[in-house]
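Okay, query29.tsv is below, TSV, C-alpha atoms:
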chain	number	residue	atom	x	y	z
A	1	GLY	CA	31.73	154.29	2.87
A	2	PRO	CA	35.03	153.75	4.69
A	3	PRO	CA	37.43	151.14	3.23
A	4	GLY	CA	36.81	148.71	6.10
A	5	PHE	CA	33.05	148.84	5.48
A	6	VAL	CA	33.49	148.17	1.76
A	7	ALA	CA	35.82	145.24	2.51
A	8	ASP	CA	33.30	143.75	4.93
A	9	ARG	CA	30.47	144.07	2.38
A	10	PHE	CA	32.68	142.46	-0.30
A	11	ALA	CA	33.59	139.55	1.98
A	12	ALA	CA	29.96	138.99	2.93
A	13	GLY	CA	28.88	139.03	-0.72
A	14	LEU	CA	31.61	136.59	-1.65
A	15	ALA	CA	30.56	134.21	1.12
A	16	LEU	CA	26.92	134.35	-0.01
A	17	SER	CA	27.95	133.69	-3.61
A	18	ARG	CA	29.95	130.62	-2.60
A	19	ALA	CA	27.07	129.32	-0.49
A	20	ALA	CA	24.63	129.76	-3.39
A	21	THR	CA	27.02	127.91	-5.72
A	22	GLN	CA	27.21	125.00	-3.29
A	23	LEU	CA	23.43	124.84	-3.06
A	24	ARG	CA	23.09	124.76	-6.85
A	25	THR	CA	25.75	122.04	-7.25
A	26	PRO	CA	24.13	118.58	-7.14
A	27	ARG	CA	25.61	116.28	-4.55
A	28	ALA	CA	26.02	112.55	-4.73
A	29	PRO	CA	23.59	110.68	-2.48
A	30	MET	CA	24.90	109.78	0.95
A	31	THR	CA	25.52	106.05	1.14
A	32	ASN	CA	26.76	103.54	3.66
A	33	GLU	CA	29.47	101.27	2.26
A	34	ASP	CA	28.13	98.36	4.28
A	35	ALA	CA	24.55	98.94	3.09
A	36	PRO	CA	24.47	100.44	-0.43
A	37	LEU	CA	21.28	102.06	-1.66
A	38	PRO	CA	19.07	99.69	-3.68
A	39	GLU	CA	18.46	100.44	-7.32
A	40	ILE	CA	14.87	101.45	-8.07
A	41	PRO	CA	13.57	100.33	-11.50
A	42	ALA	CA	12.45	103.14	-13.78
A	43	ASP	CA	9.01	101.55	-14.17
A	44	ALA	CA	8.51	100.93	-10.43
A	45	ALA	CA	5.00	101.75	-9.19
A	46	PRO	CA	4.66	104.38	-6.45
A	47	PRO	CA	3.92	103.08	-2.94
A	48	GLU	CA	0.30	102.69	-1.95
A	49	VAL	CA	-1.15	105.55	0.09
A	50	GLY	CA	-3.45	104.83	3.00
A	51	LEU	CA	-5.79	107.19	4.81
A	52	THR	CA	-4.41	108.24	8.17
A	53	LYS	CA	-5.11	111.29	10.29
A	54	SER	CA	-1.38	112.00	10.28
A	55	MET	CA	0.83	110.66	7.50
A	56	GLU	CA	3.76	109.03	9.26
A	57	GLY	CA	7.15	110.34	8.19
A	58	LEU	CA	5.75	113.48	6.55
A	59	ASP	CA	4.40	115.06	9.74
A	60	LEU	CA	1.38	115.98	7.62
A	61	ASP	CA	-1.76	116.41	9.70
A	62	LEU	CA	-4.74	115.82	7.41
A	63	THR	CA	-7.09	117.40	9.94
A	64	SER	CA	-5.59	120.78	8.99
A	65	LEU	CA	-6.27	120.17	5.28
A	66	LEU	CA	-10.06	120.06	5.38
A	67	GLY	CA	-10.58	123.42	3.73
A	68	ASP	CA	-10.91	124.28	0.05
A	69	ASP	CA	-7.12	124.12	-0.46
A	70	LEU	CA	-6.90	120.36	0.07
A	71	ASP	CA	-5.89	119.79	-3.55
A	72	GLU	CA	-3.07	122.35	-3.21
A	73	HIS	CA	-1.33	120.25	-0.54
A	74	LEU	CA	-1.73	116.79	-2.05
A	75	SER	CA	-1.31	115.67	-5.65
A	76	GLU	CA	-4.29	114.32	-7.59
A	77	GLU	CA	-2.72	110.85	-7.58
A	78	VAL	CA	-2.48	110.86	-3.76
A	79	LEU	CA	-6.05	112.17	-3.41
A	80	ARG	CA	-7.36	109.42	-5.68
A	81	SER	CA	-5.38	106.80	-3.74
A	82	ILE	CA	-6.85	107.99	-0.43
A	83	PHE	CA	-10.36	107.96	-1.90
A	84	LYS	CA	-9.88	104.43	-3.30
A	85	GLU	CA	-8.41	103.17	-0.02
A	86	THR	CA	-11.32	104.57	1.98
A	87	THR	CA	-14.37	103.87	-0.18
A	88	GLY	CA	-13.18	101.00	-2.37
A	89	GLU	CA	-14.29	103.00	-5.40
A	90	ASP	CA	-12.64	105.34	-7.91
A	91	MET	CA	-12.92	109.04	-7.10
A	92	PRO	CA	-15.46	110.65	-9.47
A	93	SER	CA	-14.30	113.59	-11.57
A	94	GLU	CA	-17.33	115.62	-10.51
A	95	GLY	CA	-17.69	116.22	-6.77
A	96	GLY	CA	-14.95	113.76	-5.82
A	97	LEU	CA	-12.81	116.30	-3.99
A	98	GLU	CA	-15.77	117.54	-1.96
A	99	GLU	CA	-16.68	113.97	-1.03
A	100	LEU	CA	-13.08	113.32	0.05
A	101	ARG	CA	-13.25	116.35	2.38
A	102	GLU	CA	-16.36	114.84	3.96
A	103	ILE	CA	-14.53	111.53	4.42
A	104	LEU	CA	-11.59	113.23	6.16
A	105	ASN	CA	-14.09	115.27	8.14
A	106	GLY	CA	-15.88	112.17	9.46
A	107	ALA	CA	-16.21	110.93	12.98
A	108	PRO	CA	-13.33	108.89	14.44
A	109	PRO	CA	-13.79	105.10	14.57
A	110	MET	CA	-15.54	103.67	17.61
A	111	ALA	CA	-13.18	102.17	20.15
A	112	ASP	CA	-13.20	98.36	20.33
A	113	ARG	CA	-14.73	97.76	23.76
A	114	SER	CA	-13.88	94.07	23.66
A	115	ALA	CA	-10.14	94.89	23.72
A	116	SER	CA	-10.38	95.85	27.40
A	117	MET	CA	-12.75	93.03	28.39
A	118	ALA	CA	-11.76	89.76	30.02
A	119	LYS	CA	-12.54	86.52	28.17
A	120	CYS	CA	-14.81	83.72	29.28
A	121	GLU	CA	-13.13	80.49	28.17
A	122	GLU	CA	-16.16	78.20	28.56
A	123	VAL	CA	-19.50	77.71	26.80
A	124	VAL	CA	-22.15	79.84	28.52
A	125	ASP	CA	-25.89	79.29	28.80
A	126	PRO	CA	-27.44	81.46	26.03
A	127	LYS	CA	-29.79	83.00	28.60
A	128	ARG	CA	-26.76	84.65	30.26
A	129	LEU	CA	-25.45	86.12	27.04
A	130	ARG	CA	-25.83	89.64	25.70
A	131	LEU	CA	-25.37	90.90	22.14
A	132	GLU	CA	-24.32	94.48	21.35
A	133	ALA	CA	-23.56	96.26	18.09
A	134	THR	CA	-21.86	99.57	17.34
A	135	ILE	CA	-21.23	101.42	14.10
A	136	SER	CA	-18.55	103.88	13.04
A	137	THR	CA	-20.59	106.74	11.62
A	138	HIS	CA	-19.42	109.31	9.10
A	139	GLY	CA	-19.88	112.34	11.34
A	140	VAL	CA	-22.18	114.31	13.60
A	141	ASP	CA	-24.80	116.89	12.61
A	142	ASP	CA	-26.77	118.85	15.23
A	143	GLY	CA	-25.86	116.23	17.81
A	144	ASP	CA	-27.07	113.30	15.68
A	145	GLN	CA	-24.84	110.50	14.45
A	146	VAL	CA	-24.77	110.65	10.64
A	147	VAL	CA	-24.35	107.96	8.00
A	148	ILE	CA	-23.93	108.99	4.37
A	149	LYS	CA	-26.29	107.18	2.00
A	150	GLY	CA	-24.51	104.62	-0.14
A	151	ARG	CA	-21.20	104.83	1.73
A	152	LYS	CA	-19.77	101.78	3.50
A	153	ILE	CA	-19.89	101.51	7.30
A	154	ASP	CA	-18.70	98.80	9.66
A	155	VAL	CA	-21.02	97.23	12.22
A	156	ASP	CA	-19.04	95.59	15.03
A	157	VAL	CA	-20.82	92.92	17.06
A	158	ILE	CA	-19.74	91.68	20.51
A	159	LEU	CA	-21.16	88.68	22.35
A	160	SER	CA	-20.60	88.97	26.11
A	161	VAL	CA	-21.66	87.39	29.39
A	162	ALA	CA	-24.19	89.79	30.86
A	163	ASP	CA	-23.45	89.27	34.55
A	164	THR	CA	-19.64	89.28	34.27
A	165	ASP	CA	-19.10	91.56	31.24
A	166	GLN	CA	-16.68	89.06	29.71
A	167	VAL	CA	-16.33	88.26	26.02
A	168	ALA	CA	-18.02	84.91	25.34
A	169	VAL	CA	-15.31	83.37	23.16
A	170	LYS	CA	-16.69	79.79	23.15
A	171	ASN	CA	-20.29	80.48	22.04
A	172	SER	CA	-20.90	80.76	18.32
A	173	PHE	CA	-23.86	81.28	15.98
A	174	GLN	CA	-24.67	83.09	12.74
A	175	VAL	CA	-26.17	86.58	12.81
A	176	ASP	CA	-28.28	88.62	10.44
A	177	ILE	CA	-28.84	92.38	10.09
A	178	ALA	CA	-31.80	94.60	9.18
A	179	ILE	CA	-32.83	98.26	9.39
A	180	ALA	CA	-35.69	99.78	11.39
A	181	TYR	CA	-36.87	103.19	12.49
A	182	ASP	CA	-35.55	104.53	15.77
A	183	SER	CA	-38.93	103.61	17.27
A	184	GLY	CA	-38.34	99.96	16.34
A	185	LEU	CA	-40.97	99.87	13.60
A	186	PRO	CA	-39.88	98.27	10.30
A	187	VAL	CA	-39.00	100.41	7.30
A	188	ASP	CA	-41.22	99.69	4.30
A	189	GLU	CA	-39.06	98.32	1.49
A	190	LEU	CA	-41.63	99.21	-1.20
A	191	ALA	CA	-41.66	102.86	-0.19
A	192	ASN	CA	-37.95	103.23	-0.82
A	193	THR	CA	-37.13	105.66	-3.63
A	194	THR	CA	-33.87	103.96	-4.65
A	195	ASP	CA	-33.40	101.02	-6.96
A	196	GLY	CA	-31.40	99.05	-4.39
A	197	PRO	CA	-32.37	97.53	-1.04
A	198	LEU	CA	-32.76	99.66	2.08
A	199	ILE	CA	-29.58	98.13	3.46
A	200	GLN	CA	-26.93	96.45	1.34
A	201	VAL	CA	-24.65	93.90	3.03
A	202	LEU	CA	-21.16	93.66	1.55
A	203	GLY	CA	-18.95	90.62	1.95
A	204	SER	CA	-20.28	87.92	4.28
A	205	LYS	CA	-24.08	88.15	4.45
A	206	ASN	CA	-24.48	86.14	7.66
A	207	PRO	CA	-21.17	86.03	9.52
A	208	TRP	CA	-20.52	83.67	12.40
A	209	ILE	CA	-19.72	85.04	15.83
A	210	THR	CA	-16.26	83.67	16.50
A	211	HIS	CA	-14.18	84.42	19.59
A	212	GLY	CA	-17.05	86.60	20.74
A	213	LYS	CA	-17.05	88.97	17.77
A	214	ALA	CA	-18.47	89.45	14.28
A	215	LYS	CA	-18.49	92.25	11.73
A	216	PHE	CA	-20.83	93.45	8.99
A	217	GLU	CA	-19.92	95.81	6.15
A	218	VAL	CA	-23.07	97.56	4.94
A	219	LYS	CA	-24.37	100.50	2.95
A	220	VAL	CA	-27.60	102.25	3.94
A	221	ASN	CA	-29.63	103.34	0.91
A	222	VAL	CA	-32.52	105.23	2.49
A	223	LEU	CA	-32.51	108.94	3.39
A	224	SER	CA	-34.01	110.43	6.53
A	225	SER	CA	-35.29	113.31	4.39
A	226	MET	CA	-37.48	110.85	2.46
A	227	ARG	CA	-38.97	109.47	5.69
A	228	ASN	CA	-40.08	112.66	7.48
A	229	MET	CA	-36.58	113.12	8.94
A	230	GLN	CA	-36.90	109.98	11.04
A	231	LYS	CA	-33.80	108.31	12.42
A	232	PHE	CA	-32.89	104.68	11.93
A	233	LYS	CA	-31.26	101.82	13.80
A	234	LEU	CA	-29.55	98.71	12.53
A	235	LEU	CA	-30.80	95.49	14.13
A	236	VAL	CA	-28.54	92.46	14.68
A	237	PHE	CA	-30.04	89.10	15.63
A	238	PRO	CA	-29.50	85.32	15.28
A	239	LEU	CA	-30.04	83.96	11.79
A	240	ASP	CA	-31.81	80.90	13.20
A	241	GLU	CA	-35.47	81.78	13.77
A	242	ALA	CA	-35.92	79.34	16.67
A	243	THR	CA	-32.89	80.76	18.51
A	244	ARG	CA	-34.16	84.27	17.87
A	245	ALA	CA	-37.59	83.44	19.33
A	246	GLU	CA	-36.25	81.55	22.35
A	247	HIS	CA	-33.51	84.03	23.27
A	248	PRO	CA	-34.56	87.66	22.70
A	249	ASN	CA	-31.44	88.70	24.68
A	250	LEU	CA	-29.40	87.69	21.62
A	251	SER	CA	-30.92	90.50	19.53
A	252	CYS	CA	-29.76	94.13	19.74
A	253	ALA	CA	-29.85	97.49	17.97
A	254	THR	CA	-27.17	100.07	17.19
A	255	GLN	CA	-27.31	103.68	18.27
A	256	ALA	CA	-29.80	105.89	16.40
A	257	LEU	CA	-28.50	107.44	13.22
A	258	LYS	CA	-29.57	110.00	10.65
A	259	THR	CA	-28.90	109.35	6.97
A	260	LEU	CA	-27.87	112.19	4.63
A	261	SER	CA	-26.72	112.41	1.03
A	262	LYS	CA	-23.59	114.29	2.18
A	263	MET	CA	-22.19	115.92	5.29
A	264	PRO	CA	-23.09	119.59	5.82
A	265	ARG	CA	-20.15	122.00	5.72
A	266	ARG	CA	-18.74	122.51	9.19
A	267	LYS	CA	-19.40	126.24	9.58
A	268	SER	CA	-18.72	126.11	13.29
A	269	LEU	CA	-15.12	125.19	12.53
A	270	GLY	CA	-14.72	128.01	10.03
A	271	THR	CA	-14.42	125.90	6.89
A	272	ASP	CA	-17.06	127.75	4.84
A	273	ALA	CA	-16.15	130.63	2.51
A	274	ALA	CA	-17.80	133.35	4.64
A	275	SER	CA	-15.90	132.30	7.76
A	276	ARG	CA	-12.60	132.22	5.89
A	277	ALA	CA	-13.23	135.68	4.41
A	278	ALA	CA	-14.10	137.09	7.83
A	279	LYS	CA	-10.94	135.56	9.27
A	280	ARG	CA	-8.79	137.11	6.52
A	281	GLU	CA	-10.37	140.50	7.14
A	282	GLU	CA	-9.72	140.18	10.85
A	283	GLU	CA	-6.07	139.33	10.18
A	284	ARG	CA	-5.74	142.32	7.83
A	285	LYS	CA	-7.12	144.72	10.44
A	286	ARG	CA	-4.84	143.27	13.11
A	287	LEU	CA	-1.83	143.76	10.83
A	288	GLU	CA	-2.81	147.37	10.05
A	289	GLU	CA	-3.20	148.13	13.75
A	290	SER	CA	0.22	146.63	14.47
A	291	GLN	CA	1.85	148.69	11.71
A	292	ARG	CA	0.15	151.84	12.96
A	293	SER	CA	1.37	151.22	16.50
A	294	GLN	CA	4.92	150.92	15.16
A	295	LEU	CA	4.57	154.19	13.26
A	296	VAL	CA	3.32	155.98	16.35
A	297	ALA	CA	6.23	154.64	18.37
A	298	GLN	CA	8.77	155.74	15.73
A	299	LEU	CA	7.35	159.03	14.39
A	300	GLY	CA	4.79	160.21	16.89
A	301	GLN	CA	0.99	160.41	16.66
A	302	GLY	CA	0.85	163.39	14.28
A	303	ALA	CA	3.20	161.98	11.68
A	304	ALA	CA	1.50	158.58	11.87
A	305	ASP	CA	-1.91	160.17	11.22
A	306	ALA	CA	-0.50	162.10	8.25
A	307	MET	CA	1.04	158.99	6.70
A	308	ALA	CA	-2.16	157.00	7.26
A	309	ALA	CA	-4.18	159.73	5.53
A	310	LEU	CA	-1.69	159.83	2.67
A	311	GLY	CA	-1.92	156.04	2.27
A	312	SER	CA	-5.74	156.12	2.09
A	313	ALA	CA	-5.95	159.14	-0.26
A	314	PRO	CA	-6.73	158.53	-3.97
A	315	ASP	CA	-3.82	158.57	-6.40
A	316	ALA	CA	-3.68	162.10	-7.87
A	317	SER	CA	-1.94	160.85	-11.01
A	318	ALA	CA	-4.80	158.49	-11.86
Please express what this file holds, its structure, as structure tokens.
Amino acid sequence: GPPGFVADRFAAGLALSRAATQLRTPRAPMTNEDAPLPEIPADAAPPEVGLTKSMEGLDLDLTSLLGDDLDEHLSEEVLRSIFKETTGEDMPSEGGLEELREILNGAPPMADRSASMAKCEEVVDPKRLRLEATISTHGVDDGDQVVIKGRKIDVDVILSVADTDQVAVKNSFQVDIAIAYDSGLPVDELANTTDGPLIQVLGSKNPWITHGKAKFEVKVNVLSSMRNMQKFKLLVFPLDEATRAEHPNLSCATQALKTLSKMPRRKSLGTDAASRAAKREEERKRLEESQRSQLVAQLGQGAADAMAALGSAPDASA
């Protein structure tokens, strides 16, 4: 080419070479003289990792990592930390990753209704009180709230004044919890196919309602599939039998729930293999159509057809 062109190419190449050299050269960390960087011991443990829908500081939205490539985005150590933080147990080597996807795929926590309620700062006649209980389920399947067998759930209890809808912060009593069918009939303990109880209470067995609230941590150990696909409810009521008999308004039930061994794959959201393959094929066809349109615009319809035919023809040298 002309001398000016060669000189320009040489100058550009030299600039790129210098830039690459600067990138390869390690730089000293930026420090503030007034606030020097602290020294980190060589044996320091990594920070604990908690489960959040969006990891603060990393701009990492876990809701986009629910497919089969979850382990490609997060290290095994981080995955195990999230599993431990969520379930309180170590992630099993077999099926642990799939179970973690189900955890991240679960339903969002129920909003605390009491946070927006006014407080009643005096002791109220028990006949005016109302007890309500809600659970944070693990997901939804065919419109039904789902709880995974053997996985911890929280049962939040609120004691309120029925006619004013205020939190009864001065009344207090102990509560108990049990499981029943959605119809209200009791579930037969002897018919259970597991070794454990139908419902396992973790932590405080009979918590006190204080400041108008109480909480149970429980695991449900009975499957709907073993009970003719019936749904269940958790019942919350006063521990004292006399109080329970005199004030039926102080007993309540949670929303109906279905218990499964694991969450079904969310095909409607395209997370199964067939949906992903169909999506890739659709993207491939869209790209081919775009490339063909560019060929037509540049070469004309005839030349584009000839090149397309040449590209799809078998290799003659094979």
Two-atom distance - CA of Pro186 (chain A), CA of Ile199 (chain A) (Å): 12.4 Å
Long-range neighbours of region 157-168 of chain A as a VMD selection string, 10 Å cut-off, only C-alpha atoms, 6 positions minimum in chain: chain A and resid 112 to 135 175 209 to 216 236 249 to 250 252 254
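Counting from CA of Ala178 (chain A), the distance to CA of Val140 (chain A) is 22.4 Å.
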Neighbour list for Ser183 (chain A) as a list in words, cut-off 12 Å, all atoms listed in the file, skip fewer than 6 positions in-chain: Gln230, Lys231, Phe232, Lys233, Leu234, Leu235, Ala253, Gln255, Ala256 and Leu257 of chain A
One-decimal distance in Å that lies between CA of Ile148 (chain A) and CA of Ser261 (chain A): 5.5 Å
Reconstruct region 248-259 of chain A at the level of all heavy atoms, and format the result as an mmCIF file, in the frame of the given file.
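Output contents, as saved in rebuild_37.cif:
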data_model
loop_
_atom_site.group_PDB
_atom_site.id
_atom_site.type_symbol
_atom_site.label_atom_id
_atom_site.label_comp_id
_atom_site.auth_asym_id
_atom_site.auth_seq_id
_atom_site.Cartn_x
_atom_site.Cartn_y
_atom_site.Cartn_z
ATOM 1 N N PRO A 248 -34.514 86.263 23.147
ATOM 2 C CA PRO A 248 -34.560 87.660 22.700
ATOM 3 C C PRO A 248 -33.362 88.480 23.168
ATOM 4 O O PRO A 248 -33.073 89.543 22.604
ATOM 5 C CB PRO A 248 -35.867 88.180 23.324
ATOM 6 C CG PRO A 248 -36.164 87.253 24.450
ATOM 7 C CD PRO A 248 -35.636 85.923 24.037
ATOM 8 N N ASN A 249 -32.640 88.002 24.194
ATOM 9 C CA ASN A 249 -31.440 88.700 24.680
ATOM 10 C C ASN A 249 -30.297 88.651 23.671
ATOM 11 O O ASN A 249 -29.308 89.391 23.813
ATOM 12 C CB ASN A 249 -30.973 88.076 26.000
ATOM 13 C CG ASN A 249 -30.756 86.573 25.898
ATOM 14 O OD1 ASN A 249 -31.681 85.835 25.564
ATOM 15 N ND2 ASN A 249 -29.537 86.115 26.184
ATOM 16 N N LEU A 250 -30.435 87.794 22.644
ATOM 17 C CA LEU A 250 -29.400 87.690 21.620
ATOM 18 C C LEU A 250 -29.676 88.597 20.422
ATOM 19 O O LEU A 250 -29.029 88.459 19.380
ATOM 20 C CB LEU A 250 -29.257 86.238 21.160
ATOM 21 C CG LEU A 250 -28.806 85.238 22.238
ATOM 22 C CD1 LEU A 250 -28.650 83.856 21.638
ATOM 23 C CD2 LEU A 250 -27.514 85.703 22.894
ATOM 24 N N SER A 251 -30.637 89.490 20.557
ATOM 25 C CA SER A 251 -30.920 90.500 19.530
ATOM 26 C C SER A 251 -30.595 91.877 20.111
ATOM 27 O O SER A 251 -30.773 92.120 21.303
ATOM 28 C CB SER A 251 -32.380 90.440 19.088
ATOM 29 O OG SER A 251 -32.680 89.197 18.487
ATOM 30 N N CYS A 252 -30.123 92.785 19.263
ATOM 31 C CA CYS A 252 -29.760 94.130 19.740
ATOM 32 C C CYS A 252 -29.907 95.134 18.608
ATOM 33 O O CYS A 252 -30.159 94.774 17.456
ATOM 34 C CB CYS A 252 -28.330 94.137 20.283
ATOM 35 S SG CYS A 252 -27.067 93.874 19.023
ATOM 36 N N ALA A 253 -29.755 96.397 18.947
ATOM 37 C CA ALA A 253 -29.850 97.490 17.970
ATOM 38 C C ALA A 253 -28.673 98.436 18.181
ATOM 39 O O ALA A 253 -28.162 98.590 19.293
ATOM 40 C CB ALA A 253 -31.167 98.239 18.124
ATOM 41 N N THR A 254 -28.237 99.073 17.104
ATOM 42 C CA THR A 254 -27.170 100.070 17.190
ATOM 43 C C THR A 254 -27.735 101.381 17.729
ATOM 44 O O THR A 254 -28.947 101.517 17.954
ATOM 45 C CB THR A 254 -26.548 100.320 15.816
ATOM 46 O OG1 THR A 254 -27.542 100.939 14.956
ATOM 47 C CG2 THR A 254 -26.080 99.032 15.180
ATOM 48 N N GLN A 255 -26.856 102.347 17.905
ATOM 49 C CA GLN A 255 -27.310 103.680 18.270
ATOM 50 C C GLN A 255 -28.128 104.272 17.118
ATOM 51 O O GLN A 255 -28.007 103.865 15.961
ATOM 52 C CB GLN A 255 -26.114 104.584 18.590
ATOM 53 C CG GLN A 255 -25.180 104.876 17.409
ATOM 54 C CD GLN A 255 -24.015 103.924 17.317
ATOM 55 O OE1 GLN A 255 -24.188 102.735 17.502
ATOM 56 N NE2 GLN A 255 -22.831 104.458 17.023
ATOM 57 N N ALA A 256 -28.977 105.242 17.434
ATOM 58 C CA ALA A 256 -29.800 105.890 16.400
ATOM 59 C C ALA A 256 -28.907 106.689 15.460
ATOM 60 O O ALA A 256 -27.886 107.255 15.870
ATOM 61 C CB ALA A 256 -30.837 106.793 17.059
ATOM 62 N N LEU A 257 -29.289 106.714 14.203
ATOM 63 C CA LEU A 257 -28.500 107.440 13.220
ATOM 64 C C LEU A 257 -29.406 108.164 12.231
ATOM 65 O O LEU A 257 -30.541 107.763 11.987
ATOM 66 C CB LEU A 257 -27.555 106.486 12.480
ATOM 67 C CG LEU A 257 -28.182 105.272 11.777
ATOM 68 C CD1 LEU A 257 -28.471 105.568 10.310
ATOM 69 C CD2 LEU A 257 -27.270 104.067 11.896
ATOM 70 N N LYS A 258 -28.882 109.224 11.681
ATOM 71 C CA LYS A 258 -29.570 110.000 10.650
ATOM 72 C C LYS A 258 -28.815 109.782 9.342
ATOM 73 O O LYS A 258 -27.584 109.783 9.326
ATOM 74 C CB LYS A 258 -29.571 111.483 11.030
ATOM 75 C CG LYS A 258 -30.249 112.395 10.028
ATOM 76 C CD LYS A 258 -30.480 113.783 10.623
ATOM 77 C CE LYS A 258 -29.212 114.490 11.010
ATOM 78 N NZ LYS A 258 -29.457 115.863 11.505
ATOM 79 N N THR A 259 -29.537 109.578 8.259
ATOM 80 C CA THR A 259 -28.900 109.350 6.970
ATOM 81 C C THR A 259 -29.034 110.591 6.096
ATOM 82 O O THR A 259 -30.132 111.145 5.949
ATOM 83 C CB THR A 259 -29.502 108.136 6.256
ATOM 84 O OG1 THR A 259 -30.921 108.301 6.137
ATOM 85 C CG2 THR A 259 -29.231 106.866 7.040
#
